[in-house]
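Below is start.pdb, which holds PDB, C-alpha atoms.
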MODEL        1
ATOM      1  CA  VAL B 803       0.000   0.000   0.000  1.00  0.00           C
ATOM      2  CA  LEU B 804       1.385   3.384  -0.999  1.00  0.00           C
ATOM      3  CA  PRO B 805       0.207   6.791   0.231  1.00  0.00           C
ATOM      4  CA  VAL B 806      -1.955   8.530  -2.359  1.00  0.00           C
ATOM      5  CA  ASP B 807      -0.536  11.968  -1.604  1.00  0.00           C
ATOM      6  CA  ARG B 808       2.929  11.060  -2.888  1.00  0.00           C
ATOM      7  CA  GLY B 809       4.222  10.483  -6.389  1.00  0.00           C
ATOM      8  CA  SER B 810       2.955  12.062  -9.574  1.00  0.00           C
ATOM      9  CA  ALA B 811       0.151   9.513 -10.081  1.00  0.00           C
ATOM     10  CA  GLY B 812      -1.000   9.967  -6.497  1.00  0.00           C
ATOM     11  CA  HIS B 813      -1.165  13.728  -6.930  1.00  0.00           C
ATOM     12  CA  VAL B 814      -3.187  13.313 -10.123  1.00  0.00           C
ATOM     13  CA  LEU B 815      -5.612  10.885  -8.462  1.00  0.00           C
ATOM     14  CA  ILE B 816      -6.405  13.364  -5.682  1.00  0.00           C
ATOM     15  CA  GLY B 817      -7.082  16.114  -8.228  1.00  0.00           C
ATOM     16  CA  GLU B 818      -3.801  17.983  -8.404  1.00  0.00           C
ATOM     17  CA  THR B 819      -2.826  18.764 -11.974  1.00  0.00           C
ATOM     18  CA  GLY B 820      -0.318  21.358 -13.069  1.00  0.00           C
ATOM     19  CA  SER B 821      -1.098  24.124 -15.533  1.00  0.00           C
ATOM     20  CA  LYS B 822       0.503  22.068 -18.316  1.00  0.00           C
ATOM     21  CA  GLY B 823      -1.776  19.084 -17.662  1.00  0.00           C
ATOM     22  CA  TRP B 824       0.747  16.904 -15.832  1.00  0.00           C
ATOM     23  CA  VAL B 825       2.371  16.509 -12.415  1.00  0.00           C
ATOM     24  CA  ALA B 826       5.975  15.502 -11.753  1.00  0.00           C
ATOM     25  CA  SER B 827       7.606  14.117  -8.627  1.00  0.00           C
ATOM     26  CA  VAL B 828      11.168  13.325  -7.656  1.00  0.00           C
ATOM     27  CA  ALA B 829      11.963  10.799  -4.898  1.00  0.00           C
ATOM     28  CA  GLU B 830       8.553  11.216  -3.222  1.00  0.00           C
ATOM     29  CA  ARG B 831       7.660   7.524  -3.091  1.00  0.00           C
ATOM     30  CA  GLU B 832      11.041   5.928  -3.586  1.00  0.00           C
ATOM     31  CA  VAL B 833      14.558   7.289  -3.276  1.00  0.00           C
ATOM     32  CA  GLY B 834      16.181   7.581  -6.695  1.00  0.00           C
ATOM     33  CA  VAL B 835      12.926   7.472  -8.720  1.00  0.00           C
ATOM     34  CA  ALA B 836      11.218  10.314 -10.603  1.00  0.00           C
ATOM     35  CA  SER B 837       7.889  10.316 -12.440  1.00  0.00           C
ATOM     36  CA  VAL B 838       5.426  12.403 -14.413  1.00  0.00           C
ATOM     37  CA  SER B 839       1.690  11.644 -14.754  1.00  0.00           C
ATOM     38  CA  ALA B 840      -1.452  13.074 -16.360  1.00  0.00           C
ATOM     39  CA  PRO B 841      -5.109  12.473 -15.491  1.00  0.00           C
ATOM     40  CA  VAL B 842      -7.441  10.206 -17.432  1.00  0.00           C
ATOM     41  CA  ARG B 843     -10.947  11.594 -17.106  1.00  0.00           C
ATOM     42  CA  GLY B 844     -14.339   9.946 -17.350  1.00  0.00           C
ATOM     43  CA  ALA B 845     -17.198  11.215 -19.484  1.00  0.00           C
ATOM     44  CA  ASP B 846     -18.289  13.478 -16.623  1.00  0.00           C
ATOM     45  CA  GLY B 847     -14.809  15.039 -16.342  1.00  0.00           C
ATOM     46  CA  SER B 848     -13.837  13.332 -13.099  1.00  0.00           C
ATOM     47  CA  VAL B 849     -10.395  11.753 -12.744  1.00  0.00           C
ATOM     48  CA  ILE B 850     -10.736   7.982 -13.138  1.00  0.00           C
ATOM     49  CA  ALA B 851      -7.066   7.041 -13.557  1.00  0.00           C
ATOM     50  CA  ALA B 852      -3.563   8.361 -14.002  1.00  0.00           C
ATOM     51  CA  ILE B 853      -1.194   7.595 -16.834  1.00  0.00           C
ATOM     52  CA  GLY B 854       2.479   8.181 -16.337  1.00  0.00           C
ATOM     53  CA  VAL B 855       6.089   7.222 -16.713  1.00  0.00           C
ATOM     54  CA  SER B 856       8.670   6.677 -14.007  1.00  0.00           C
ATOM     55  CA  GLY B 857      12.262   5.628 -13.805  1.00  0.00           C
ATOM     56  CA  PRO B 858      15.620   6.193 -12.203  1.00  0.00           C
ATOM     57  CA  ILE B 859      16.517   9.844 -11.708  1.00  0.00           C
ATOM     58  CA  GLU B 860      19.714   9.210 -13.666  1.00  0.00           C
ATOM     59  CA  ARG B 861      17.526   8.632 -16.752  1.00  0.00           C
ATOM     60  CA  THR B 862      14.498  10.812 -16.094  1.00  0.00           C
ATOM     61  CA  THR B 863      16.518  13.684 -14.551  1.00  0.00           C
ATOM     62  CA  ARG B 864      15.392  15.770 -11.591  1.00  0.00           C
ATOM     63  CA  ASN B 865      12.923  17.513 -13.885  1.00  0.00           C
ATOM     64  CA  PRO B 866      11.049  14.616 -15.531  1.00  0.00           C
ATOM     65  CA  GLY B 867       8.218  16.874 -16.689  1.00  0.00           C
ATOM     66  CA  ARG B 868      10.530  18.759 -19.017  1.00  0.00           C
ATOM     67  CA  ARG B 869      11.507  15.509 -20.712  1.00  0.00           C
ATOM     68  CA  TYR B 870       8.273  13.457 -20.545  1.00  0.00           C
ATOM     69  CA  GLY B 871       5.406  15.818 -19.659  1.00  0.00           C
ATOM     70  CA  ASP B 872       4.243  16.513 -23.214  1.00  0.00           C
ATOM     71  CA  ALA B 873       4.479  12.825 -24.153  1.00  0.00           C
ATOM     72  CA  VAL B 874       2.344  11.753 -21.178  1.00  0.00           C
ATOM     73  CA  VAL B 875      -0.279  14.401 -22.042  1.00  0.00           C
ATOM     74  CA  ASP B 876      -0.256  13.272 -25.705  1.00  0.00           C
ATOM     75  CA  VAL B 877      -0.995   9.689 -24.642  1.00  0.00           C
ATOM     76  CA  GLN B 878      -3.703  10.889 -22.262  1.00  0.00           C
ATOM     77  CA  ARG B 879      -5.319  12.903 -25.079  1.00  0.00           C
ATOM     78  CA  GLY B 880      -5.143   9.835 -27.326  1.00  0.00           C
ATOM     79  CA  LEU B 881      -7.075   7.851 -24.733  1.00  0.00           C
ATOM     80  CA  HIS B 882      -9.782  10.495 -24.679  1.00  0.00           C
ATOM     81  CA  GLY B 883      -9.918  10.520 -28.493  1.00  0.00           C
ATOM     82  CA  ALA B 884     -10.233   6.744 -28.591  1.00  0.00           C
ATOM     83  CA  ARG B 885     -13.346   6.999 -26.411  1.00  0.00           C
ATOM     84  CA  GLY B 886     -14.872   9.622 -28.679  1.00  0.00           C
ATOM     85  CA  ASP B 887     -14.528  12.535 -26.200  1.00  0.00           C
TER      86      ASP B 887
ENDMDL
END
Since I need it in another form, could you write the structure as structure tokens?
Amino acid sequence: VLPVDRGSAGHVLIGETGSKGWVASVAEREVGVASVSAPVRGADGSVIAAIGVSGPIERTTRNPGRRYGDAVVDVQRGLHGARGD
């Protein structure tokens, strides 16, 4: 069990989303790991899931949003398009 208020996916699931549509975290859940996530929304606009990428800080850097933020949002938008939203 992991605390929902830590990590980029956790932040997304409790409704925190940055102005660019994603949230990043560095070493919040696990030392040496960084992540970036975006919300997946239901037909009513509520957050139903989070989609993200995580990895070692040595690969993702201490600013994973700069490297992966747009890609995560693109995938999230593709999911919405696939549903016909």
Practice task
Would you kindly translate the PyMOL selection byres ((chain B and resi 823-829) around 9) into the concrete residues it picks from this file, as a count of residues only?
Solution key: 34
Practice task
Pick out the residues sitting within 9 Å of Ile816 in chain B, and hand them over as a list in words; count all atoms listed in the file, and ignore anything fewer than 4 positions along from it in its own chain.
Solution key: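 Non-adjacent residues within range: Val806, Asp807, Ala811, Gly812 and Val849 of chain B.
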Handout entry: For CA of Val803 in chain B and CA of Leu881 in chain B, the interatomic separation in Å (one decimal)
Key =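 If I compute the distance from CA of Val803 in chain B to CA of Leu881 in chain B, I get 26.9 Å.
CA of Pro858 in chain B lies 18.3 Å from CA of Leu804 in chain B.
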Return as lines of an AutoDock Vina configuration file the centre and edge lengths, in Å with one decimal, of the box along x, y and z that encloses every atom of range 815-829 of chain B in the file, padded by 3 Å per side.
center_x = 2.4
center_y = 17.5
center_z = -11.6
size_x = 25.0
size_y = 19.3
size_z = 19.4
Please, can range 823-834 of chain B be completed to all heavy atoms and returned as a compact mmCIF listing (two decimals), in the coordinates of the input?
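File out29.txt, as written:
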# COMPACT_ATOMS: atom_id res chain seq x y z
N GLY B 823 -1.02 20.32 -17.53
CA GLY B 823 -1.78 19.08 -17.66
C GLY B 823 -1.10 17.86 -17.11
O GLY B 823 -1.57 16.75 -17.30
N TRP B 824 0.03 18.03 -16.41
CA TRP B 824 0.75 16.90 -15.83
C TRP B 824 1.32 17.31 -14.48
O TRP B 824 1.40 18.49 -14.16
CB TRP B 824 1.85 16.39 -16.75
CG TRP B 824 2.77 17.44 -17.30
CD1 TRP B 824 2.68 18.04 -18.53
CD2 TRP B 824 3.93 18.02 -16.67
NE1 TRP B 824 3.70 18.95 -18.69
CE2 TRP B 824 4.48 18.96 -17.57
CE3 TRP B 824 4.54 17.84 -15.45
CZ2 TRP B 824 5.61 19.72 -17.28
CZ3 TRP B 824 5.67 18.59 -15.14
CH2 TRP B 824 6.19 19.51 -16.06
N VAL B 825 1.73 16.30 -13.72
CA VAL B 825 2.37 16.51 -12.42
C VAL B 825 3.64 15.66 -12.39
O VAL B 825 3.63 14.51 -12.83
CB VAL B 825 1.44 16.07 -11.26
CG1 VAL B 825 2.15 16.20 -9.92
CG2 VAL B 825 0.15 16.87 -11.26
N ALA B 826 4.72 16.23 -11.88
CA ALA B 826 5.98 15.50 -11.75
C ALA B 826 6.33 15.33 -10.28
O ALA B 826 5.90 16.12 -9.44
CB ALA B 826 7.10 16.25 -12.46
N SER B 827 7.08 14.30 -9.98
CA SER B 827 7.61 14.12 -8.63
C SER B 827 9.00 13.51 -8.71
O SER B 827 9.32 12.79 -9.66
CB SER B 827 6.68 13.24 -7.78
OG SER B 827 6.75 11.91 -8.18
N VAL B 828 9.80 13.83 -7.72
CA VAL B 828 11.17 13.32 -7.66
C VAL B 828 11.40 12.78 -6.25
O VAL B 828 11.29 13.51 -5.27
CB VAL B 828 12.19 14.43 -7.98
CG1 VAL B 828 13.61 13.91 -7.84
CG2 VAL B 828 11.95 14.99 -9.38
N ALA B 829 11.63 11.49 -6.16
CA ALA B 829 11.96 10.80 -4.90
C ALA B 829 10.89 10.96 -3.83
O ALA B 829 11.21 10.93 -2.65
CB ALA B 829 13.32 11.26 -4.39
N GLU B 830 9.64 11.11 -4.21
CA GLU B 830 8.55 11.22 -3.22
C GLU B 830 8.14 9.85 -2.67
O GLU B 830 7.84 9.73 -1.50
CB GLU B 830 7.32 11.90 -3.83
CG GLU B 830 7.44 13.37 -3.92
CD GLU B 830 6.14 14.03 -4.34
OE1 GLU B 830 5.15 13.35 -4.65
OE2 GLU B 830 6.13 15.25 -4.37
N ARG B 831 8.06 8.87 -3.53
CA ARG B 831 7.66 7.52 -3.09
C ARG B 831 8.84 6.61 -2.86
O ARG B 831 8.81 5.72 -2.03
CB ARG B 831 6.74 6.87 -4.11
CG ARG B 831 5.35 7.41 -4.07
CD ARG B 831 4.41 6.49 -4.78
NE ARG B 831 3.05 6.97 -4.56
CZ ARG B 831 2.01 6.41 -5.06
NH1 ARG B 831 2.13 5.34 -5.81
NH2 ARG B 831 0.82 6.89 -4.82
N GLU B 832 9.87 6.82 -3.65
CA GLU B 832 11.04 5.93 -3.59
C GLU B 832 12.29 6.75 -3.88
O GLU B 832 12.33 7.50 -4.86
CB GLU B 832 10.89 4.81 -4.62
CG GLU B 832 11.95 3.76 -4.57
CD GLU B 832 11.85 2.87 -3.35
OE1 GLU B 832 10.73 2.60 -2.88
OE2 GLU B 832 12.90 2.44 -2.85
N VAL B 833 13.29 6.60 -3.06
CA VAL B 833 14.56 7.29 -3.28
C VAL B 833 15.12 6.89 -4.63
O VAL B 833 15.13 5.71 -4.99
CB VAL B 833 15.55 6.94 -2.15
CG1 VAL B 833 16.92 7.54 -2.43
CG2 VAL B 833 15.02 7.42 -0.81
N GLY B 834 15.55 7.87 -5.41
CA GLY B 834 16.18 7.58 -6.70
C GLY B 834 15.23 7.42 -7.86
O GLY B 834 15.66 7.12 -8.97
